[in-house]
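A quick write-up on the structure given underneath.
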Amino acid sequence: MSRREGRSRGGSPGAVAVGGRRGGACAGAALGRRAGSAALSDAVSPQDSAMASRGGPRAAGTDGSDFQHRERVASHYQMSVTLKSEIKKLIYAHVVIWLLLLAQMVVGHLKLLPHDQVAMPYQWEYPYLLSILPSLLGLLSFPRNNISYLVLSMISTGLFSMAPLIYGAMEMFPMAQQLYRHGKAYRFIFGFSAVSVMYLVVVVAAQVHGWQLYYSKKLLDSWFTSTQEKKKK
């Protein structure tokens, strides 16, 4: 009885061995999981741990301190793209007006049509042909954000575009006054009073060049601010 009781209390050697093997396997699995977690945490690079910034991913190699600077640069870039697009639309509208006036001059001087159909140009139309130069300078300033070309475009717009339009309004005023008071017109463009047609051209062209100067000034300010920030950085 004592031997049986001793065996029942102490357990068989085989059972003890099986229990030992099970315990070793559990401990090994736990150590494996811990080692895998440690290896995974070591595999995460410092760049990945620094990816999060204010409301989005952070650029590699930065600590997020230049967030506001990068936001300003992005806003200046977007504004520059928008202003360039608006100025290009105005330049295309100006080219259409310029081509119409050029066609009138060619038809009038070469006498391709009778003068009662297409009148001879007014004096202000000749210097206005130079207004194509500011538009070309503006287009040339866009690829590399050339401030000098843009400034020259704005100055020449005032000289070669706005000044001839002002002179044209003054030149045609007596004829417009005569047409308004007496209903008499001596120049015609396809049956319409030439002074009425050309005053309409002056009004449209003045608005085109006015908006062109406005957007060019805003674009110049944007480029200048961006340049100053780059110098400070």
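By order of appearance in the structure tokens: chains A, B, ..., then residues from 1 within every chain, and ligands from 1 in the order shown.
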
Could you list, as a short mmCIF file (atom, residue, chain, number, x, y, z; two decimals) with N, CA and C atoms, in the first residue's frame, every residue within 7 Å of range 81-93 of chain A, counting only C-alpha atoms and ignoring same-chain residues fewer than 5 positions away?
data_model
loop_
_atom_site.label_atom_id
_atom_site.label_comp_id
_atom_site.auth_asym_id
_atom_site.auth_seq_id
_atom_site.Cartn_x
_atom_site.Cartn_y
_atom_site.Cartn_z
N SER A 135 1.96 91.84 -74.03
CA SER A 135 1.40 90.50 -73.90
C SER A 135 2.47 89.43 -74.10
N VAL A 208 -10.08 94.72 -70.66
CA VAL A 208 -9.12 93.62 -70.77
C VAL A 208 -7.77 94.01 -70.18
N GLN A 212 -5.90 92.82 -66.77
CA GLN A 212 -4.56 92.26 -66.97
C GLN A 212 -3.55 92.91 -66.03
N TYR A 215 -4.34 91.58 -62.31
CA TYR A 215 -3.84 90.23 -62.04
C TYR A 215 -2.32 90.18 -62.10
N LEU A 219 0.12 88.84 -59.20
CA LEU A 219 1.12 87.81 -59.49
C LEU A 219 2.51 88.29 -59.11
#

Query raised in the report: If we count only C-alpha atoms, what is near Ser141 in chain A at a cut-off of 12 Å, once residues fewer than 3 positions away on the same chain are taken out, given as a PyMOL selection string?
Result: chain A and resi 80+84+87-88+134-138+144-154+216+219-220+223

**Report entry** Among listed residues A:Val106, A:Met79, A:Leu159, A:Leu113, nearest Leu130 in chain A (using only C-alpha atoms)
**Finding:**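 Closest residue, counting only C-alpha atoms: A:Leu159.
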
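Residue neighbourhood of Ala206 in chain A, excluding near-sequence residues (fewer than 2 positions): A:His94, A:Ser161, A:Met162, A:Ala163, A:Leu165, A:Ile166, A:Leu200, A:Val201, A:Val202, A:Val203, A:Val204, A:Val208, A:His209, A:Gly210, A:Trp211, A:Gln212, at 10 Å, using only C-alpha atoms.
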
Output of the above residues as a PDB file, in the first residue's frame, restricted to C-alpha atoms:
ATOM      1  CA  HIS A  94      -6.377  90.998 -76.409  1.00  0.00           C
ATOM      2  CA  SER A 161      -2.125  99.758 -74.510  1.00  0.00           C
ATOM      3  CA  MET A 162      -3.871 102.126 -72.112  1.00  0.00           C
ATOM      4  CA  ALA A 163      -2.383 105.362 -73.479  1.00  0.00           C
ATOM      5  CA  LEU A 165      -6.996 103.822 -75.846  1.00  0.00           C
ATOM      6  CA  ILE A 166      -7.281 107.064 -73.889  1.00  0.00           C
ATOM      7  CA  LEU A 200     -17.103  99.529 -78.200  1.00  0.00           C
ATOM      8  CA  VAL A 201     -13.650  98.189 -79.023  1.00  0.00           C
ATOM      9  CA  VAL A 202     -12.063 100.822 -76.786  1.00  0.00           C
ATOM     10  CA  VAL A 203     -14.324  99.951 -73.848  1.00  0.00           C
ATOM     11  CA  VAL A 204     -13.715  96.196 -74.172  1.00  0.00           C
ATOM     12  CA  VAL A 208      -9.121  93.616 -70.767  1.00  0.00           C
ATOM     13  CA  HIS A 209      -5.969  95.629 -70.074  1.00  0.00           C
ATOM     14  CA  GLY A 210      -7.265  96.860 -66.735  1.00  0.00           C
ATOM     15  CA  TRP A 211      -7.872  93.317 -65.462  1.00  0.00           C
ATOM     16  CA  GLN A 212      -4.557  92.264 -66.974  1.00  0.00           C
TER      17      GLN A 212
END

DSSP helix (DSSP H, G or I) selection over range 115-169 of chain A, as a CSV table (one decimal) with all heavy atoms, in the first residue's frame:
chain,number,residue,atom,x,y,z
A,125,GLU,N,-5.3,103.8,-83.6
A,125,GLU,CA,-5.1,102.4,-83.8
A,125,GLU,C,-3.7,102.0,-84.2
A,125,GLU,O,-3.2,100.9,-83.9
A,125,GLU,CB,-6.0,101.9,-84.9
A,125,GLU,CG,-7.5,102.1,-84.6
A,125,GLU,CD,-8.4,101.7,-85.7
A,125,GLU,OE1,-8.3,100.5,-86.2
A,125,GLU,OE2,-9.3,102.5,-86.1
A,126,TYR,N,-2.9,102.9,-84.8
A,126,TYR,CA,-1.5,102.6,-85.2
A,126,TYR,C,-0.6,102.4,-84.0
A,126,TYR,O,0.1,101.4,-83.9
A,126,TYR,CB,-1.0,103.7,-86.1
A,126,TYR,CG,-1.8,103.8,-87.4
A,126,TYR,CD1,-2.8,104.8,-87.6
A,126,TYR,CD2,-1.6,102.9,-88.4
A,126,TYR,CE1,-3.5,104.9,-88.7
A,126,TYR,CE2,-2.3,103.0,-89.6
A,126,TYR,CZ,-3.3,104.0,-89.8
A,126,TYR,OH,-4.0,104.1,-90.9
A,127,PRO,N,-0.6,103.3,-83.0
A,127,PRO,CA,0.3,103.0,-81.8
A,127,PRO,C,-0.3,101.8,-81.0
A,127,PRO,O,0.5,101.2,-80.3
A,127,PRO,CB,0.3,104.3,-81.0
A,127,PRO,CG,-1.0,105.0,-81.5
A,127,PRO,CD,-1.1,104.7,-82.9
A,128,TYR,N,-1.6,101.6,-81.1
A,128,TYR,CA,-2.1,100.4,-80.4
A,128,TYR,C,-1.6,99.1,-80.9
A,128,TYR,O,-1.6,98.1,-80.1
A,128,TYR,CB,-3.6,100.5,-80.4
A,128,TYR,CG,-4.3,99.4,-79.6
A,128,TYR,CD1,-4.4,99.6,-78.2
A,128,TYR,CD2,-4.8,98.2,-80.1
A,128,TYR,CE1,-4.9,98.6,-77.4
A,128,TYR,CE2,-5.3,97.2,-79.3
A,128,TYR,CZ,-5.4,97.4,-77.9
A,128,TYR,OH,-6.0,96.5,-77.1
A,129,LEU,N,-1.1,99.0,-82.1
A,129,LEU,CA,-0.5,97.8,-82.6
A,129,LEU,C,0.7,97.4,-81.7
A,129,LEU,O,1.0,96.2,-81.7
A,129,LEU,CB,-0.1,97.9,-84.0
A,129,LEU,CG,-1.2,98.0,-85.1
A,129,LEU,CD1,-0.6,98.2,-86.5
A,129,LEU,CD2,-2.1,96.8,-85.0
A,130,LEU,N,1.4,98.3,-81.1
A,130,LEU,CA,2.5,98.0,-80.2
A,130,LEU,C,2.0,97.3,-78.9
A,130,LEU,O,2.9,96.8,-78.2
A,130,LEU,CB,3.3,99.2,-79.9
A,130,LEU,CG,4.0,99.9,-81.1
A,130,LEU,CD1,4.6,101.2,-80.6
A,130,LEU,CD2,5.0,99.0,-81.7
A,131,SER,N,0.8,97.2,-78.7
A,131,SER,CA,0.3,96.6,-77.5
A,131,SER,C,0.5,95.1,-77.4
A,131,SER,O,0.3,94.5,-76.4
A,131,SER,CB,-1.2,96.9,-77.3
A,131,SER,OG,-2.0,96.3,-78.3
A,132,ILE,N,0.9,94.5,-78.6
A,132,ILE,CA,1.2,93.1,-78.6
A,132,ILE,C,2.5,92.8,-77.8
A,132,ILE,O,2.7,91.7,-77.3
A,132,ILE,CB,1.3,92.6,-80.0
A,132,ILE,CG1,1.2,91.0,-80.1
A,132,ILE,CG2,2.6,93.1,-80.7
A,132,ILE,CD1,-0.1,90.5,-79.6
A,133,LEU,N,3.4,93.8,-77.7
A,133,LEU,CA,4.6,93.6,-77.0
A,133,LEU,C,4.4,93.3,-75.5
A,133,LEU,O,5.1,92.3,-75.0
A,133,LEU,CB,5.5,94.8,-77.2
A,133,LEU,CG,6.0,95.1,-78.6
A,133,LEU,CD1,6.8,96.3,-78.7
A,133,LEU,CD2,6.7,93.9,-79.2
A,134,PRO,N,3.6,94.0,-74.8
A,134,PRO,CA,3.4,93.7,-73.3
A,134,PRO,C,2.8,92.3,-73.1
A,134,PRO,O,3.2,91.6,-72.2
A,134,PRO,CB,2.4,94.7,-72.9
A,134,PRO,CG,2.6,95.9,-73.8
A,134,PRO,CD,2.9,95.3,-75.1
A,135,SER,N,2.0,91.8,-74.0
A,135,SER,CA,1.4,90.5,-73.9
A,135,SER,C,2.5,89.4,-74.1
A,135,SER,O,2.5,88.4,-73.4
A,135,SER,CB,0.3,90.3,-74.9
A,135,SER,OG,-0.8,91.2,-74.6
A,136,LEU,N,3.4,89.7,-75.1
A,136,LEU,CA,4.4,88.7,-75.3
A,136,LEU,C,5.4,88.7,-74.1
A,136,LEU,O,5.9,87.6,-73.7
A,136,LEU,CB,5.2,89.1,-76.6
A,136,LEU,CG,4.4,88.9,-77.9
A,136,LEU,CD1,5.3,89.4,-79.1
A,136,LEU,CD2,4.0,87.5,-78.1
A,137,LEU,N,5.7,89.8,-73.5
A,137,LEU,CA,6.6,89.8,-72.3
A,137,LEU,C,5.9,89.1,-71.2
A,137,LEU,O,6.6,88.4,-70.4
A,137,LEU,CB,6.9,91.3,-72.0
A,137,LEU,CG,7.9,92.0,-72.9
A,137,LEU,CD1,7.9,93.5,-72.5
A,137,LEU,CD2,9.2,91.4,-72.8
A,138,GLY,N,4.6,89.3,-71.0
A,138,GLY,CA,3.9,88.6,-70.0
A,138,GLY,C,4.0,87.1,-70.1
A,138,GLY,O,4.2,86.3,-69.2
A,139,LEU,N,3.8,86.6,-71.3
A,139,LEU,CA,3.9,85.2,-71.6
A,139,LEU,C,5.3,84.6,-71.4
A,139,LEU,O,5.5,83.5,-70.9
A,139,LEU,CB,3.4,84.8,-73.0
A,139,LEU,CG,1.9,85.0,-73.3
A,139,LEU,CD1,1.7,84.8,-74.8
A,139,LEU,CD2,1.1,84.1,-72.4
A,140,LEU,N,6.3,85.4,-71.7
A,140,LEU,CA,7.7,85.0,-71.5
A,140,LEU,C,8.1,85.0,-70.1
A,140,LEU,O,9.0,84.2,-69.7
A,140,LEU,CB,8.6,86.0,-72.3
A,140,LEU,CG,8.6,85.9,-73.8
A,140,LEU,CD1,9.5,87.0,-74.4
A,140,LEU,CD2,9.0,84.5,-74.3
A,141,SER,N,7.4,85.7,-69.2
A,141,SER,CA,7.7,85.7,-67.8
A,141,SER,C,7.2,84.5,-67.0
A,141,SER,O,7.6,84.2,-65.9
A,141,SER,CB,7.2,87.0,-67.1
A,141,SER,OG,5.7,87.0,-67.1
A,147,ILE,N,10.5,88.0,-62.8
A,147,ILE,CA,9.9,89.2,-62.3
A,147,ILE,C,10.2,90.4,-63.2
A,147,ILE,O,9.4,91.3,-63.4
A,147,ILE,CB,10.5,89.5,-60.8
A,147,ILE,CG1,10.0,88.4,-59.9
A,147,ILE,CG2,10.0,90.9,-60.3
A,147,ILE,CD1,10.5,88.6,-58.5
A,148,SER,N,11.4,90.4,-63.8
A,148,SER,CA,11.8,91.6,-64.6
A,148,SER,C,10.9,91.7,-65.8
A,148,SER,O,10.4,92.7,-66.2
A,148,SER,CB,13.3,91.4,-65.1
A,148,SER,OG,14.1,91.4,-63.9
A,149,TYR,N,10.6,90.5,-66.5
A,149,TYR,CA,9.8,90.5,-67.7
A,149,TYR,C,8.4,91.0,-67.3
A,149,TYR,O,7.7,91.7,-68.1
A,149,TYR,CB,9.8,89.1,-68.3
A,149,TYR,CG,10.9,88.8,-69.2
A,149,TYR,CD1,11.1,87.6,-69.8
A,149,TYR,CD2,11.9,89.8,-69.4
A,149,TYR,CE1,12.2,87.3,-70.6
A,149,TYR,CE2,13.0,89.5,-70.2
A,149,TYR,CZ,13.2,88.3,-70.8
A,149,TYR,OH,14.2,88.0,-71.6
A,150,LEU,N,7.9,90.5,-66.1
A,150,LEU,CA,6.5,90.9,-65.7
A,150,LEU,C,6.4,92.4,-65.4
A,150,LEU,O,5.4,93.0,-65.8
A,150,LEU,CB,6.1,90.1,-64.5
A,150,LEU,CG,4.7,90.2,-64.0
A,150,LEU,CD1,3.7,89.8,-65.1
A,150,LEU,CD2,4.4,89.4,-62.8
A,151,VAL,N,7.4,92.9,-64.8
A,151,VAL,CA,7.4,94.4,-64.6
A,151,VAL,C,7.5,95.2,-65.9
A,151,VAL,O,6.7,96.2,-66.1
A,151,VAL,CB,8.6,94.8,-63.7
A,151,VAL,CG1,8.8,96.3,-63.6
A,151,VAL,CG2,8.5,94.2,-62.3
A,152,LEU,N,8.3,94.7,-66.8
A,152,LEU,CA,8.3,95.4,-68.1
A,152,LEU,C,7.0,95.2,-68.8
A,152,LEU,O,6.5,96.2,-69.5
A,152,LEU,CB,9.4,94.8,-69.0
A,152,LEU,CG,10.9,95.1,-68.6
A,152,LEU,CD1,11.9,94.3,-69.4
A,152,LEU,CD2,11.1,96.6,-68.7
A,153,SER,N,6.3,94.1,-68.7
A,153,SER,CA,5.0,93.9,-69.3
A,153,SER,C,4.0,94.9,-68.7
A,153,SER,O,3.2,95.5,-69.5
A,153,SER,CB,4.6,92.5,-69.1
A,153,SER,OG,3.2,92.3,-69.5
A,154,MET,N,4.0,95.1,-67.4
A,154,MET,CA,3.1,96.0,-66.8
A,154,MET,C,3.3,97.5,-67.2
A,154,MET,O,2.4,98.2,-67.5
A,154,MET,CB,3.2,95.9,-65.3
A,154,MET,CG,2.7,94.5,-64.8
A,154,MET,SD,3.0,94.3,-63.0
A,154,MET,CE,1.9,95.6,-62.3
A,155,ILE,N,4.6,97.9,-67.3
A,155,ILE,CA,4.9,99.2,-67.7
A,155,ILE,C,4.5,99.5,-69.2
A,155,ILE,O,3.9,100.5,-69.5
A,155,ILE,CB,6.4,99.5,-67.5
A,155,ILE,CG1,6.7,99.5,-66.0
A,155,ILE,CG2,6.8,100.9,-68.0
A,155,ILE,CD1,8.2,99.6,-65.7
A,156,SER,N,4.9,98.5,-70.0
A,156,SER,CA,4.6,98.7,-71.4
A,156,SER,C,3.1,98.6,-71.7
A,156,SER,O,2.6,99.2,-72.7
A,156,SER,CB,5.4,97.7,-72.3
A,156,SER,OG,5.1,96.4,-71.8
A,157,THR,N,2.4,97.9,-70.9
A,157,THR,CA,0.9,97.9,-71.0
A,157,THR,C,0.3,99.3,-70.8
A,157,THR,O,-0.6,99.7,-71.6
A,157,THR,CB,0.3,96.9,-70.0
A,157,THR,OG1,0.7,95.6,-70.3
A,157,THR,CG2,-1.3,96.9,-70.1
A,158,GLY,N,0.8,100.0,-69.8
A,158,GLY,CA,0.4,101.4,-69.7
A,158,GLY,C,0.7,102.3,-70.8
A,158,GLY,O,-0.1,103.1,-71.2
A,159,LEU,N,1.9,102.1,-71.4
A,159,LEU,CA,2.4,103.0,-72.5
A,159,LEU,C,1.8,102.6,-73.8
A,159,LEU,O,1.3,103.5,-74.6
A,159,LEU,CB,3.9,102.9,-72.6
A,159,LEU,CG,4.7,103.5,-71.4
A,159,LEU,CD1,6.2,103.2,-71.6
A,159,LEU,CD2,4.4,104.9,-71.2
A,160,PHE,N,1.8,101.3,-74.2
A,160,PHE,CA,1.4,100.9,-75.5
A,160,PHE,C,-0.1,100.4,-75.6
A,160,PHE,O,-0.6,100.2,-76.7
A,160,PHE,CB,2.3,99.8,-76.0
A,160,PHE,CG,3.7,100.2,-76.0
A,160,PHE,CD1,4.7,99.3,-75.7
A,160,PHE,CD2,4.1,101.4,-76.4
A,160,PHE,CE1,6.1,99.6,-75.7
A,160,PHE,CE2,5.5,101.8,-76.5
A,160,PHE,CZ,6.4,100.9,-76.1
A,161,SER,N,-0.7,100.3,-74.5
A,161,SER,CA,-2.1,99.8,-74.5
A,161,SER,C,-3.1,100.8,-74.0
A,161,SER,O,-4.0,101.2,-74.7
A,161,SER,CB,-2.2,98.5,-73.7
A,161,SER,OG,-1.4,97.5,-74.2
A,162,MET,N,-2.9,101.2,-72.7
A,162,MET,CA,-3.9,102.1,-72.1
A,162,MET,C,-3.8,103.5,-72.7
A,162,MET,O,-4.8,104.2,-72.9
A,162,MET,CB,-3.6,102.2,-70.6
A,162,MET,CG,-3.8,100.8,-69.9
A,162,MET,SD,-5.5,100.1,-70.2
A,162,MET,CE,-6.5,101.3,-69.2
A,163,ALA,N,-2.5,104.0,-72.9
A,163,ALA,CA,-2.4,105.4,-73.5
A,163,ALA,C,-3.0,105.5,-74.9
A,163,ALA,O,-3.8,106.5,-75.1
A,163,ALA,CB,-0.9,105.7,-73.5
A,164,PRO,N,-2.8,104.6,-75.8
A,164,PRO,CA,-3.5,104.8,-77.1
A,164,PRO,C,-5.0,104.7,-77.0
A,164,PRO,O,-5.8,105.4,-77.7
A,164,PRO,CB,-3.0,103.6,-77.9
A,164,PRO,CG,-1.7,103.3,-77.4
A,164,PRO,CD,-1.8,103.5,-75.9
A,165,LEU,N,-5.5,103.9,-76.0
A,165,LEU,CA,-7.0,103.8,-75.8
A,165,LEU,C,-7.6,105.1,-75.3
A,165,LEU,O,-8.6,105.6,-75.7
A,165,LEU,CB,-7.3,102.7,-74.9
A,165,LEU,CG,-7.1,101.3,-75.4
A,165,LEU,CD1,-7.4,100.2,-74.3
A,165,LEU,CD2,-7.9,101.0,-76.6
A,166,ILE,N,-6.8,105.8,-74.4
A,166,ILE,CA,-7.3,107.1,-73.9
A,166,ILE,C,-7.3,108.1,-75.0
A,166,ILE,O,-8.2,108.9,-75.2
A,166,ILE,CB,-6.4,107.5,-72.7
A,166,ILE,CG1,-6.6,106.5,-71.5
A,166,ILE,CG2,-6.7,108.9,-72.3
A,166,ILE,CD1,-5.6,106.8,-70.4
A,167,TYR,N,-6.2,108.1,-75.8
A,167,TYR,CA,-6.1,109.0,-76.9
A,167,TYR,C,-7.2,108.7,-77.9
A,167,TYR,O,-7.8,109.7,-78.5
A,167,TYR,CB,-4.7,108.9,-77.6
A,167,TYR,CG,-4.6,109.7,-78.8
A,167,TYR,CD1,-4.4,111.1,-78.8
A,167,TYR,CD2,-4.6,109.1,-80.1
A,167,TYR,CE1,-4.3,111.9,-79.9
A,167,TYR,CE2,-4.5,109.9,-81.2
A,167,TYR,CZ,-4.3,111.2,-81.1
A,167,TYR,OH,-4.2,112.0,-82.3
A,168,GLY,N,-7.5,107.5,-78.2
A,168,GLY,CA,-8.6,107.1,-79.1
A,168,GLY,C,-9.9,107.6,-78.6
A,168,GLY,O,-10.7,108.1,-79.5
A,169,ALA,N,-10.2,107.5,-77.3
A,169,ALA,CA,-11.5,108.0,-76.8
A,169,ALA,C,-11.6,109.5,-77.0
A,169,ALA,O,-12.7,110.0,-77.4
A,169,ALA,CB,-11.6,107.7,-75.3

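Interatomic distance, CA of Ile189 in chain A to CA of His115 in chain A: 8.4 Å.
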
Query raised in the report: For Met172 in chain A, which residue out of A:Gln117, A:Ser222, A:Ser196, A:Gln228 is the nearest one, using only C-alpha atoms?
Result: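 Among A:Gln117, A:Ser222, A:Ser196, A:Gln228, it is A:Ser196 that comes nearest to Met172 in chain A.
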
Requested in this report: Fewer than 3 positions away in the same chain doesn't count, so skip those; otherwise give me all residues within 12 Å of Tyr186 in chain A, counting only C-alpha atoms, as a ChimeraX atom specification.
Outcome: /A:115-120,175-176,178-179,182-183,189,191-196

Create the file for the chosen residues now, containing N, CA and C atoms and written as an mmCIF file, in the first residue's frame.
data_model
loop_
_atom_site.group_PDB
_atom_site.id
_atom_site.type_symbol
_atom_site.label_atom_id
_atom_site.label_comp_id
_atom_site.auth_asym_id
_atom_site.auth_seq_id
_atom_site.Cartn_x
_atom_site.Cartn_y
_atom_site.Cartn_z
ATOM 1 N N HIS A 115 -14.384 101.742 -99.005
ATOM 2 C CA HIS A 115 -14.315 102.445 -97.724
ATOM 3 C C HIS A 115 -15.682 102.651 -97.090
ATOM 4 N N ASP A 116 -16.744 102.566 -97.856
ATOM 5 C CA ASP A 116 -18.059 102.681 -97.234
ATOM 6 C C ASP A 116 -18.460 101.390 -96.517
ATOM 7 N N GLN A 117 -17.707 100.327 -96.747
ATOM 8 C CA GLN A 117 -17.937 99.087 -96.000
ATOM 9 C C GLN A 117 -16.976 98.951 -94.824
ATOM 10 N N VAL A 118 -15.721 99.234 -95.061
ATOM 11 C CA VAL A 118 -14.708 99.200 -93.992
ATOM 12 C C VAL A 118 -13.954 100.518 -94.032
ATOM 13 N N ALA A 119 -14.173 101.340 -93.021
ATOM 14 C CA ALA A 119 -13.560 102.668 -92.984
ATOM 15 C C ALA A 119 -12.073 102.576 -92.703
ATOM 16 N N MET A 120 -11.361 103.622 -93.027
ATOM 17 C CA MET A 120 -9.936 103.712 -92.728
ATOM 18 C C MET A 120 -9.733 103.784 -91.214
ATOM 19 N N MET A 175 -16.742 113.097 -83.082
ATOM 20 C CA MET A 175 -17.585 112.353 -84.026
ATOM 21 C C MET A 175 -18.721 111.631 -83.306
ATOM 22 N N ALA A 176 -18.421 111.124 -82.104
ATOM 23 C CA ALA A 176 -19.481 110.485 -81.324
ATOM 24 C C ALA A 176 -20.521 111.516 -80.879
ATOM 25 N N GLN A 178 -21.279 114.271 -82.489
ATOM 26 C CA GLN A 178 -22.049 114.632 -83.671
ATOM 27 C C GLN A 178 -23.077 113.545 -84.010
ATOM 28 N N LEU A 179 -22.687 112.307 -83.848
ATOM 29 C CA LEU A 179 -23.619 111.214 -84.114
ATOM 30 C C LEU A 179 -24.763 111.232 -83.112
ATOM 31 N N HIS A 182 -26.862 114.819 -83.910
ATOM 32 C CA HIS A 182 -27.462 115.012 -85.234
ATOM 33 C C HIS A 182 -27.745 113.706 -85.964
ATOM 34 N N GLY A 183 -27.276 112.610 -85.448
ATOM 35 C CA GLY A 183 -27.499 111.331 -86.096
ATOM 36 C C GLY A 183 -26.758 111.162 -87.393
ATOM 37 N N ILE A 189 -18.495 100.631 -90.802
ATOM 38 C CA ILE A 189 -17.872 99.302 -90.815
ATOM 39 C C ILE A 189 -19.001 98.292 -90.976
ATOM 40 N N GLY A 191 -21.834 98.607 -92.503
ATOM 41 C CA GLY A 191 -23.149 99.201 -92.295
ATOM 42 C C GLY A 191 -23.352 99.847 -90.939
ATOM 43 N N PHE A 192 -22.442 99.647 -89.999
ATOM 44 C CA PHE A 192 -22.547 100.260 -88.673
ATOM 45 C C PHE A 192 -21.644 101.488 -88.603
ATOM 46 N N SER A 193 -22.045 102.423 -87.764
ATOM 47 C CA SER A 193 -21.222 103.609 -87.576
ATOM 48 C C SER A 193 -19.852 103.212 -87.033
ATOM 49 N N ALA A 194 -18.803 103.657 -87.706
ATOM 50 C CA ALA A 194 -17.454 103.276 -87.308
ATOM 51 C C ALA A 194 -17.120 103.783 -85.914
ATOM 52 N N VAL A 195 -17.586 104.979 -85.573
ATOM 53 C CA VAL A 195 -17.267 105.520 -84.254
ATOM 54 C C VAL A 195 -17.931 104.706 -83.157
ATOM 55 N N SER A 196 -19.136 104.208 -83.409
ATOM 56 C CA SER A 196 -19.810 103.371 -82.407
ATOM 57 C C SER A 196 -19.078 102.044 -82.224
#

Query raised in the report: Suppose you want the space between CA of Gln104 in chain A and CA of Glu171 in chain A; what is it in Å?
Result: 17.9 Å

Query raised in the report: Could you work out how far CA of Pro143 in chain A lies from CA of Asp221 in chain A, giving the answer in Å with one decimal?
Result: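 Separation of CA of Asp221 in chain A and CA of Pro143 in chain A: 16.8 Å.
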